[in-house]
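Shown next: work-v4.cif, given as mmCIF, C-alpha atoms and all ligand atoms.
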data_upload
loop_
_atom_site.label_atom_id
_atom_site.label_comp_id
_atom_site.auth_asym_id
_atom_site.auth_seq_id
_atom_site.Cartn_x
_atom_site.Cartn_y
_atom_site.Cartn_z
CA MET D 25 -79.35 -35.56 36.37
CA ASP D 26 -78.32 -38.25 38.84
CA ASP D 27 -81.72 -39.16 40.21
CA LEU D 28 -83.87 -38.56 37.16
CA GLN D 29 -85.36 -41.53 35.35
CA PRO D 30 -86.05 -39.93 31.96
CA ARG D 31 -89.46 -40.74 30.53
CA ALA D 32 -90.52 -40.90 26.91
CA GLY D 33 -92.84 -38.12 25.84
CA LEU D 34 -91.96 -36.14 28.96
CA HIS D 35 -88.16 -35.85 29.01
CA TYR D 36 -87.40 -36.90 25.47
CA PRO D 37 -89.42 -37.22 22.26
CA ARG D 38 -91.07 -40.54 21.48
CA SER D 39 -91.06 -40.12 17.72
CA THR D 40 -89.74 -38.00 14.90
CA GLY D 41 -93.08 -36.18 14.80
CA GLU D 42 -92.80 -35.33 18.48
CA PHE D 43 -89.17 -34.30 17.97
CA GLN D 44 -90.21 -31.88 15.23
CA SER D 45 -92.98 -30.31 17.27
CA TRP D 46 -90.79 -29.90 20.37
CA PHE D 47 -87.82 -28.34 18.61
CA ALA D 48 -89.17 -26.05 15.93
CA THR D 49 -87.01 -23.03 16.83
CA ASP D 50 -83.59 -22.31 18.30
CA SER D 51 -85.16 -21.02 21.49
CA ASP D 52 -87.01 -24.34 21.94
CA CYS D 53 -83.65 -26.09 21.69
CA LEU D 54 -82.05 -23.61 24.08
CA ASP D 55 -84.79 -24.21 26.66
CA TYR D 56 -84.18 -27.93 26.48
CA LEU D 57 -80.41 -27.55 26.86
CA ASP D 58 -81.02 -25.21 29.79
CA TRP D 59 -83.08 -27.89 31.52
CA LEU D 60 -80.54 -30.63 30.71
CA ARG D 61 -77.66 -28.56 32.02
CA TRP D 62 -79.35 -27.17 35.12
CA PRO D 63 -82.30 -29.46 35.93
CA LYS D 64 -82.65 -27.86 39.37
CA GLY D 65 -82.08 -24.31 38.20
CA PHE D 66 -79.09 -22.21 37.18
CA VAL D 67 -75.76 -22.87 38.90
CA CYS D 68 -72.96 -20.40 38.20
CA PRO D 69 -70.06 -22.20 36.49
CA ARG D 70 -67.67 -19.55 37.82
CA CYS D 71 -68.44 -19.51 41.55
CA GLY D 72 -70.76 -22.49 41.99
CA ASN D 73 -73.55 -20.38 43.45
CA ALA D 74 -77.07 -21.63 42.77
CA GLY D 75 -79.36 -18.85 41.65
CA GLY D 76 -79.46 -16.00 39.21
CA TRP D 77 -81.73 -14.38 36.67
CA VAL D 78 -81.96 -14.00 32.93
CA VAL D 79 -80.79 -10.63 31.63
CA ALA D 80 -81.66 -8.79 28.44
CA ASP D 81 -79.16 -10.63 26.21
CA GLY D 82 -80.67 -13.98 27.20
CA ARG D 83 -77.76 -14.98 29.42
CA TYR D 84 -77.93 -15.83 33.12
CA LYS D 85 -76.49 -13.39 35.62
CA CYS D 86 -75.15 -14.99 38.79
CA ALA D 87 -76.81 -13.62 41.94
CA ALA D 88 -73.54 -13.93 43.88
CA CYS D 89 -70.64 -12.96 41.59
CA GLY D 90 -72.52 -11.23 38.77
CA ALA D 91 -70.87 -13.31 36.02
CA ARG D 92 -72.93 -13.76 32.87
CA THR D 93 -73.25 -17.21 31.35
CA SER D 94 -75.13 -18.43 28.31
CA VAL D 95 -76.75 -21.85 28.32
CA THR D 96 -74.31 -23.15 25.73
CA ALA D 97 -71.13 -21.52 27.07
CA GLY D 98 -68.60 -24.12 28.10
CA THR D 99 -70.55 -26.95 26.46
CA LEU D 100 -70.19 -28.76 23.14
CA PHE D 101 -72.43 -26.08 21.59
CA ASP D 102 -70.23 -23.17 22.65
CA ARG D 103 -69.69 -20.56 19.90
CA ARG D 104 -71.37 -22.72 17.31
CA ARG D 105 -72.16 -21.18 13.93
CA THR D 106 -74.72 -23.78 12.93
CA PRO D 107 -78.26 -23.12 14.26
CA LEU D 108 -79.30 -25.27 17.21
CA THR D 109 -82.25 -26.66 15.25
CA VAL D 110 -79.77 -28.11 12.74
CA TRP D 111 -77.63 -29.42 15.57
CA PHE D 112 -80.65 -31.06 17.19
CA THR D 113 -81.74 -32.66 13.93
CA ALA D 114 -78.22 -33.98 13.38
CA CYS D 115 -78.21 -35.35 16.90
CA TRP D 116 -81.64 -36.94 16.42
CA MET D 117 -80.53 -38.66 13.23
CA PHE D 118 -77.23 -39.69 14.80
CA ALA D 119 -78.98 -41.17 17.83
CA THR D 120 -82.05 -42.72 16.26
CA GLY D 121 -80.43 -44.26 13.19
CA LYS D 122 -79.51 -47.83 14.09
CA ASP D 123 -76.14 -47.60 12.36
CA GLY D 124 -75.55 -43.87 12.57
CA MET D 125 -74.67 -41.96 9.45
CA SER D 126 -71.79 -40.70 7.37
CA ALA D 127 -70.90 -37.03 7.02
CA LEU D 128 -71.98 -37.14 3.39
CA SER D 129 -75.44 -38.45 4.19
CA LEU D 130 -75.81 -35.89 7.00
CA GLN D 131 -74.80 -33.10 4.65
CA ARG D 132 -77.38 -34.25 2.09
CA ALA D 133 -80.15 -34.86 4.61
CA LEU D 134 -79.82 -31.46 6.30
CA GLU D 135 -78.72 -29.56 3.21
CA ILE D 136 -75.70 -28.31 5.09
CA GLY D 137 -73.59 -26.11 2.86
CA SER D 138 -70.22 -27.72 3.31
CA TYR D 139 -69.00 -31.25 3.83
CA PRO D 140 -66.43 -30.19 6.49
CA THR D 141 -69.26 -28.66 8.55
CA ALA D 142 -71.22 -31.93 8.51
CA TRP D 143 -68.04 -33.89 9.16
CA ALA D 144 -67.13 -31.70 12.15
CA MET D 145 -70.65 -31.94 13.62
CA LEU D 146 -70.50 -35.72 13.62
CA HIS D 147 -67.01 -35.71 15.07
CA ARG D 148 -68.10 -33.33 17.83
CA LEU D 149 -70.99 -35.65 18.66
CA ARG D 150 -68.63 -38.63 18.68
CA SER D 151 -66.24 -36.87 21.00
CA VAL D 152 -68.82 -36.76 23.82
CA LEU D 153 -69.61 -40.47 23.76
CA VAL D 154 -66.98 -41.65 26.19
CA ARG D 155 -68.41 -40.97 29.59
CA PRO D 156 -65.69 -40.09 32.09
CA GLY D 157 -65.37 -42.67 34.84
CA ARG D 158 -67.66 -45.17 33.18
CA GLU D 159 -67.81 -48.60 34.74
CA ARG D 160 -65.46 -51.32 33.63
CA LEU D 161 -66.69 -54.64 32.25
CA THR D 162 -67.53 -57.35 34.77
CA GLY D 163 -68.34 -61.06 34.94
CA THR D 164 -66.78 -63.11 32.17
CA VAL D 165 -64.99 -61.11 29.47
CA GLU D 166 -63.38 -62.24 26.23
CA VAL D 167 -60.34 -60.22 25.16
CA ASP D 168 -58.51 -60.39 21.84
CA GLU D 169 -56.66 -58.16 19.37
CA THR D 170 -57.44 -57.63 15.71
CA PHE D 171 -56.56 -55.22 12.92
CA ILE D 172 -59.25 -52.67 12.03
CA GLY D 173 -59.54 -50.08 9.27
CA GLY D 174 -57.19 -49.52 6.39
CA GLU D 175 -57.63 -50.40 2.78
CA GLU D 176 -59.94 -53.26 1.99
CA PRO D 177 -59.69 -55.30 -1.19
CA GLY D 178 -62.49 -54.46 -3.59
CA LEU D 179 -62.64 -50.78 -2.69
CA ARG D 180 -61.70 -48.67 -5.65
CA GLY D 181 -60.25 -45.22 -5.99
CA GLY D 182 -57.68 -45.49 -3.24
CA ARG D 183 -60.15 -44.58 -0.51
CA ALA D 184 -59.41 -45.61 3.02
CA ARG D 185 -55.73 -45.65 2.41
CA GLY D 186 -53.49 -46.21 5.31
CA LYS D 187 -52.55 -49.04 7.50
CA LYS D 188 -54.80 -51.09 9.66
CA VAL D 189 -54.80 -50.28 13.33
CA LEU D 190 -54.08 -52.93 15.93
CA THR D 191 -57.11 -52.86 18.21
CA CYS D 192 -57.93 -54.64 21.43
CA ILE D 193 -61.56 -55.66 21.99
CA ALA D 194 -63.22 -56.85 25.18
CA VAL D 195 -66.76 -58.27 25.30
CA GLU D 196 -68.80 -59.47 28.27
CA VAL D 197 -70.18 -62.96 27.69
CA THR D 198 -73.03 -64.80 29.34
CA PRO D 199 -73.61 -68.47 28.62
CA PRO D 200 -74.48 -69.98 26.26
CA ARG D 201 -73.90 -67.33 23.58
CA GLY D 202 -75.11 -64.06 25.07
CA ARG D 203 -73.14 -60.85 24.76
CA GLY D 204 -73.15 -57.92 27.16
CA ARG D 205 -71.23 -54.68 26.80
CA CYS D 206 -68.02 -54.18 24.84
CA ARG D 207 -65.01 -51.89 24.89
CA MET D 208 -62.27 -51.36 22.33
CA ALA D 209 -59.16 -49.23 21.92
CA PRO D 210 -56.15 -49.03 19.63
CA LEU D 211 -52.95 -50.65 20.86
CA THR D 212 -49.40 -49.59 20.11
CA ASP D 213 -48.34 -53.23 20.01
CA ALA D 214 -49.36 -56.66 21.31
CA SER D 215 -46.86 -56.66 24.16
CA ALA D 216 -47.77 -57.64 27.70
CA THR D 217 -47.41 -53.99 28.76
CA SER D 218 -50.01 -52.80 26.22
CA LEU D 219 -52.41 -55.70 26.73
CA HIS D 220 -52.25 -55.56 30.52
CA ALA D 221 -52.91 -51.81 30.42
CA PHE D 222 -55.93 -52.33 28.17
CA VAL D 223 -57.40 -55.00 30.44
CA ALA D 224 -56.78 -52.89 33.56
CA ASP D 225 -58.50 -49.89 31.94
CA HIS D 226 -61.55 -51.74 30.70
CA VAL D 227 -62.17 -54.79 32.89
CA GLU D 228 -62.99 -54.76 36.60
CA PRO D 229 -60.56 -56.82 38.73
CA GLY D 230 -62.16 -60.05 39.87
CA ALA D 231 -63.63 -60.71 36.43
CA THR D 232 -62.80 -63.85 34.48
CA VAL D 233 -60.79 -62.89 31.40
CA ILE D 234 -60.77 -65.34 28.49
CA THR D 235 -57.89 -64.98 26.01
CA ASP D 236 -56.08 -67.10 23.50
CA GLY D 237 -52.67 -68.56 24.21
CA TRP D 238 -50.69 -65.43 23.27
CA GLN D 239 -47.85 -64.83 25.74
CA GLY D 240 -48.72 -61.13 26.06
CA TYR D 241 -51.69 -62.13 28.21
CA ARG D 242 -49.58 -64.03 30.72
CA GLY D 243 -49.65 -62.50 34.17
CA LEU D 244 -53.27 -61.28 34.14
CA ASP D 245 -53.91 -63.41 37.22
CA LYS D 246 -51.36 -61.30 39.09
CA LEU D 247 -53.44 -58.21 38.27
CA GLY D 248 -56.44 -59.65 40.07
CA TYR D 249 -58.21 -61.41 37.21
CA VAL D 250 -59.19 -65.03 36.84
CA HIS D 251 -57.37 -65.85 33.64
CA ASP D 252 -58.91 -68.47 31.34
CA ARG D 253 -56.26 -69.05 28.70
CA ARG D 254 -57.42 -71.01 25.68
CA SER D 255 -54.73 -72.48 23.52
CA GLN D 256 -55.36 -72.46 19.77
CA ARG D 257 -52.96 -75.35 19.36
CA ALA D 258 -54.91 -77.44 21.86
CA ALA D 259 -58.16 -76.57 20.09
CA ARG D 260 -56.69 -77.67 16.78
CA ALA D 261 -55.48 -80.88 18.40
CA ARG D 262 -59.03 -81.50 19.61
CA GLY D 263 -60.26 -80.97 16.07
CA GLU D 264 -62.06 -77.72 16.98
CA ASP D 265 -62.01 -74.48 15.03
CA PRO D 266 -59.43 -72.25 16.76
CA GLY D 267 -61.30 -69.22 15.39
CA GLU D 268 -64.22 -70.18 17.63
CA LEU D 269 -62.31 -69.95 20.90
CA LEU D 270 -63.41 -66.33 21.38
CA PRO D 271 -66.71 -66.15 19.48
CA ALA D 272 -68.08 -62.96 21.08
CA VAL D 273 -65.01 -60.85 20.47
CA HIS D 274 -64.69 -62.12 16.91
CA ARG D 275 -68.35 -61.33 16.26
CA VAL D 276 -67.89 -57.75 17.51
CA ALA D 277 -64.72 -57.38 15.42
CA SER D 278 -66.55 -58.43 12.27
CA LEU D 279 -69.51 -56.16 13.11
CA ILE D 280 -67.38 -53.03 13.48
CA LYS D 281 -65.47 -53.84 10.29
CA ARG D 282 -68.75 -54.22 8.44
CA TRP D 283 -70.05 -50.96 9.97
CA LEU D 284 -66.95 -49.05 8.87
CA LEU D 285 -67.31 -50.39 5.34
CA GLY D 286 -71.09 -49.96 5.24
CA THR D 287 -72.08 -46.73 6.98
CA HIS D 288 -68.72 -45.06 6.41
CA GLN D 289 -67.75 -46.82 3.19
CA GLY D 290 -64.32 -47.51 4.57
CA SER D 291 -63.35 -43.85 4.33
CA VAL D 292 -61.99 -43.56 7.85
CA GLU D 293 -58.49 -42.30 8.43
CA PRO D 294 -56.44 -44.27 10.94
CA ALA D 295 -55.96 -41.14 13.04
CA HIS D 296 -59.74 -40.82 13.48
CA LEU D 297 -60.40 -44.49 14.00
CA PRO D 298 -60.52 -44.24 17.82
CA SER D 299 -63.48 -41.87 17.69
CA TYR D 300 -65.33 -44.19 15.31
CA MET D 301 -64.60 -47.02 17.75
CA ASN D 302 -66.15 -44.91 20.52
CA GLU D 303 -69.24 -44.41 18.41
CA TYR D 304 -69.47 -48.08 17.59
CA VAL D 305 -69.09 -49.11 21.24
CA PHE D 306 -71.72 -46.56 22.26
CA ARG D 307 -74.16 -48.00 19.71
CA PHE D 308 -73.34 -51.61 20.52
CA ASN D 309 -73.85 -51.07 24.25
CA ARG D 310 -77.24 -49.46 23.61
CA ARG D 311 -78.41 -51.90 20.97
CA ARG D 312 -81.22 -53.14 23.21
CA SER D 313 -82.37 -49.68 24.26
CA ARG D 314 -86.14 -49.72 23.92
CA SER D 315 -86.31 -46.11 22.87
CA ARG D 316 -84.04 -44.41 20.38
CA GLY D 317 -85.31 -41.12 21.80
CA LEU D 318 -83.59 -42.04 25.04
CA VAL D 319 -80.33 -42.37 23.14
CA PHE D 320 -80.88 -38.85 21.77
CA TYR D 321 -81.42 -37.62 25.32
CA ARG D 322 -78.20 -39.31 26.50
CA VAL D 323 -76.13 -37.80 23.68
CA LEU D 324 -77.40 -34.27 24.46
CA GLU D 325 -76.92 -34.86 28.18
CA LEU D 326 -73.28 -35.76 27.50
CA ALA D 327 -72.93 -32.79 25.11
CA VAL D 328 -73.97 -30.17 27.68
CA ALA D 329 -71.61 -31.71 30.23
CA HIS D 330 -68.74 -31.78 27.72
CA ASP D 331 -66.15 -29.09 27.21
CA PRO D 332 -66.17 -27.24 23.88
CA VAL D 333 -64.38 -29.08 21.07
CA ARG D 334 -62.45 -26.82 18.74
CA TYR D 335 -62.29 -27.56 15.04
CA ARG D 336 -58.51 -27.61 15.13
CA ASP D 337 -58.67 -30.38 17.72
CA LEU D 338 -60.75 -32.48 15.35
CA VAL D 339 -58.47 -32.05 12.39
CA ILE D 340 -55.57 -34.20 13.34
CA ASN D 341 -52.22 -33.14 11.98
CA PRO D 342 -50.90 -35.31 9.18
CA GLN D 343 -49.04 -38.17 10.75
CA PRO D 344 -45.33 -38.40 10.01
CA LYS D 345 -44.72 -40.91 7.26
CA THR D 346 -43.92 -44.32 8.62
CA THR D 347 -41.58 -45.20 5.78
CA PRO D 348 -38.65 -42.84 5.23
CA PRO D 349 -38.70 -41.07 1.85
CA THR D 350 -36.54 -42.67 -0.83
CA PRO D 351 -33.22 -40.87 -1.30
CA PRO D 352 -33.27 -38.84 -4.55
CA GLY D 353 -30.50 -40.85 -6.16
CA ARG D 354 -32.66 -43.98 -6.06
CA ARG D 355 -35.81 -42.52 -7.49
CA GLY D 356 -36.91 -43.23 -11.00
CA TYR D 357 -34.06 -43.69 -13.41
CA PRO D 358 -31.03 -45.57 -12.27
CA PRO D 359 -28.20 -43.17 -11.37
CA THR D 360 -26.06 -44.73 -14.09
CA MET D 361 -28.16 -42.93 -16.70
CA ASP D 362 -26.60 -39.79 -15.33
CA ARG D 363 -29.56 -37.71 -16.40
CA PRO D 364 -29.10 -33.99 -15.91
CA ARG D 365 -31.72 -33.53 -13.20
CA ALA D 366 -32.00 -29.77 -13.35
CA ALA D 367 -32.98 -29.81 -17.02
CA ARG D 368 -36.30 -31.57 -16.45
CA PRO D 369 -37.03 -31.26 -12.74
CA TRP D 370 -40.72 -32.32 -13.07
CA ARG D 371 -39.61 -35.67 -14.43
CA THR D 372 -38.63 -37.00 -11.02
CA ALA D 373 -42.24 -36.69 -9.99
CA ASP D 374 -43.54 -38.33 -13.16
CA VAL D 375 -41.63 -41.51 -12.91
CA GLU D 376 -42.21 -42.35 -9.28
ZN ZN D 401 -71.20 -16.77 40.18
#
Before anything else, please render the file you have as structure tokens.
Amino acid sequence: MDDLQPRAGLHYPRSTGEFQSWFATDSDCLDYLDWLRWPKGFVCPRCGNAGGWVVADGRYKCAACGARTSVTAGTLFDRRRTPLTVWFTACWMFATGKDGMSALSLQRALEIGSYPTAWAMLHRLRSVLVRPGRERLTGTVEVDETFIGGEEPGLRGGRARGKKVLTCIAVEVTPPRGRGRCRMAPLTDASATSLHAFVADHVEPGATVITDGWQGYRGLDKLGYVHDRRSQRAARARGEDPGELLPAVHRVASLIKRWLLGTHQGSVEPAHLPSYMNEYVFRFNRRRSRSRGLVFYRVLELAVAHDPVRYRDLVINPQPKTTPPTPPGRRGYPPTMDRPRAARPWRTADVE
């Protein structure tokens, strides 16, 4: 799809009404995916030969090697159980909603039987949003770290348990207060190694990188960046608000925190936070897109180019506990009570 400039009403629907009339059946959806995947006609994924024909089961048969391929094989929609019309509607809502949607609201809107199905659909869509080899940020870029996710005061019921995740955020800035694209990713720590790796991954060398005075940012100039280091202490001494040294990055940090609490009601596990960050960055970087239908087109375009995502890859194994379990002798009653443990074994659980 390199040379195609997609046009509204021709390559993607202009409105929800148009969406509904285009994609009334699964075979409508399949036709569209066929065109997105092979805009110039079928190309065999096995041997690379261009050309083949459709056989009785609806699959393509390669004219050279004879391999049979379905339109969805090897894409995000491989071996799906949910009808394509439901997938397309989910994708339309995901792409056209300004803030996206939670799994619960998707489940209700589409009357999907189970919450895990809705949850997995959204996670599959999220997983395609990072385009391989996408361009790094350029120009002038603010970079800072913040903590994202975790339990927020005021949320009841123990939702969103878990620790906050140290996250690095980079935002392009244009004077006086304009913001371009952003990138963000979790960090293992705020060391120079981690911060330098983040900047190298997300910012094009030659760019001006604005940071605060944290020592972990020292040495960026040796990596080919123009480093504009702004000391919080100096700002305080000048009587300025040190929180305003990096206004763009702080604005994006507060926006994603608000989005996680609003759209997702804070119910995001730390292990899944990176994929929510990807979704947020995708939305932020397309916030000025004139057509939401174009966003729908882009998501499907990425989905047909993406490898299948298995459910077991979405369900991340429980993380090992960060704090070691308390030794039995120190649980509950003091050992001096010398309680016969075996007599009431359930008690240990009760008193924790
Ligand atoms: Zn072939």
D:Phe43, D:Gly82, D:Gly90, D:Pro37: which is nearest ligand ZN 401 (chain D), counting only C-alpha atoms and all ligand atoms?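 Using only C-alpha atoms and all ligand atoms, the shortest distance to ligand ZN 401 (chain D) belongs to D:Gly90.
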Per residue of chain D within 7 Å of ligand ZN 401 (chain D), which atom pair is closest and at what distance in Å (one decimal), using all atoms listed in the file, listed by chain and increasing number, as a tab-separated table?
residue	atom	partner	partner_atom	distance
D:Cys68	CA	D:ZN401	ZN	4.5
D:Pro69	CA	D:ZN401	ZN	6.7
D:Arg70	CA	D:ZN401	ZN	5.1
D:Cys71	CA	D:ZN401	ZN	4.1
D:Gly72	CA	D:ZN401	ZN	6.0
D:Asn73	CA	D:ZN401	ZN	5.4
D:Cys86	CA	D:ZN401	ZN	4.6
D:Ala87	CA	D:ZN401	ZN	6.7
D:Ala88	CA	D:ZN401	ZN	5.2
D:Cys89	CA	D:ZN401	ZN	4.1
D:Gly90	CA	D:ZN401	ZN	5.9
D:Ala91	CA	D:ZN401	ZN	5.4
Minimum-distance residue to Lys281 (chain D), chosen among D:Pro210, D:Gly173, D:Gly240, D:Gly230 (using only C-alpha atoms):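 With only C-alpha atoms as the atom set, the closest residue is D:Gly173.
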Grab the CA of Pro294 (chain D) to CA of Ala221 (chain D) distance for me, in Å with one decimal place.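 Result for CA of Pro294 (chain D) versus CA of Ala221 (chain D): 21.2 Å, one decimal.
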Test item: axis-aligned box, all listed atoms of region 126-144 of chain D, 3 Å on each side, centre and edges in Å rounded to one decimal, as AutoDock Vina command-line options:
--center_x -73.3 --center_y -33.4 --center_z 7.1 --size_x 19.7 --size_y 20.6 --size_z 16.1
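One distance worth recording is that between CA of Leu318 (chain D) and CA of Tyr139 (chain D), which is 27.9 Å.
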Excluding Phe308 (chain D) and its own-chain neighbours fewer than 6 positions away, which residues fall within 12 Å of it when counting all atoms listed in the file? Please give them as a ChimeraX atom specification. /D:122-124,195-196,203-208,275-277,279-280,283,301-302,319
Which neighbours of His251 (chain D) fall inside 7 Å, counting all atoms listed in the file, when residues of the same chain fewer than 2 positions from it are skipped, and could you give them as a VMD selection string? chain D and resid 232 to 234 244 to 245 249 253
Rounded to one decimal, what separation in Å do you get between CA of Ser129 (chain D) and CA of Ala327 (chain D)?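 Between these atoms lies a distance of 21.8 Å.
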Identify the residues around (-62.1, -63.8, 28.7) within a radius of 10 Å, measuring from only C-alpha atoms in the coordinates stated by the file, and give them as a list in words.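 The residues that fall inside the cut-off are Gly163, Thr164, Val165, Glu166, Val167, Asp168, Ala194, Val195, Glu196, Val197, Val227, Ala231, Thr232, Val233, Ile234, Thr235, Asp236, Tyr249, Val250, His251, Asp252, Arg253, Arg254, Leu269, Leu270, Ala272 and Val273 of chain D.
Minimum distance to Phe112 (chain D) across D:Leu326, D:Leu57, D:Val152, D:Val67 (counting all atoms listed in the file) occurs at D:Leu57.
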Given the choices D:Phe118, D:Phe171, D:Arg132, D:Pro30, which gets closest to Ser278 (chain D) if the distance is worked out from all atoms listed in the file?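 Using all atoms listed in the file, Ser278 (chain D) sits closest to D:Phe171.
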Using all atoms listed in the file, which of the listed residues (D:Glu264, D:His35, D:Val328, D:Asn309) sits closest to Thr96 (chain D)?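 Among the listed residues, the smallest separation from Thr96 (chain D) belongs to D:Val328.
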Ranking D:Leu211, D:Met125, D:Leu324, D:Ala216 by minimum distance to Trp59 (chain D) and counting only C-alpha atoms, which one comes first? D:Leu324
Give me, as an MDAnalysis selection string, all polymer residues having an atom no more than 8 Å from Tyr300 (chain D), counting all atoms listed in the file and skipping those fewer than 4 positions away in the same chain. chainID D and resid 150 296 304
Skipping near chain neighbours, those fewer than 4 positions away, what residues fall within 9 Å of Arg61 (chain D) using only C-alpha atoms, listed as a ChimeraX atom specification? /D:25,56-57,65-66,95-96,325,328-329
12 Å contact set for Ala144 (chain D), all atoms listed in the file, chain neighbours under 5 positions out, as number ranges by chain: D: 100, 104-106, 111, 114, 126-128, 130-131, 136, 138-139, 149-151, 296, 333-340
File dump, residues just selected, C-alpha atoms, as a short mmCIF file (atom, residue, chain, number, x, y, z; two decimals), keeping the file's coordinate frame:
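Below is the file again18.cif, written as the result:
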data_model
loop_
_atom_site.label_atom_id
_atom_site.label_comp_id
_atom_site.auth_asym_id
_atom_site.auth_seq_id
_atom_site.Cartn_x
_atom_site.Cartn_y
_atom_site.Cartn_z
CA LEU D 100 -70.19 -28.76 23.14
CA ARG D 104 -71.37 -22.72 17.31
CA ARG D 105 -72.16 -21.18 13.93
CA THR D 106 -74.72 -23.78 12.93
CA TRP D 111 -77.63 -29.42 15.57
CA ALA D 114 -78.22 -33.98 13.38
CA SER D 126 -71.79 -40.70 7.37
CA ALA D 127 -70.90 -37.03 7.02
CA LEU D 128 -71.98 -37.14 3.39
CA LEU D 130 -75.81 -35.89 7.00
CA GLN D 131 -74.80 -33.10 4.65
CA ILE D 136 -75.70 -28.31 5.09
CA SER D 138 -70.22 -27.72 3.31
CA TYR D 139 -69.00 -31.25 3.83
CA LEU D 149 -70.99 -35.65 18.66
CA ARG D 150 -68.63 -38.63 18.68
CA SER D 151 -66.24 -36.87 21.00
CA HIS D 296 -59.74 -40.82 13.48
CA VAL D 333 -64.38 -29.08 21.07
CA ARG D 334 -62.45 -26.82 18.74
CA TYR D 335 -62.29 -27.56 15.04
CA ARG D 336 -58.51 -27.61 15.13
CA ASP D 337 -58.67 -30.38 17.72
CA LEU D 338 -60.75 -32.48 15.35
CA VAL D 339 -58.47 -32.05 12.39
CA ILE D 340 -55.57 -34.20 13.34
#
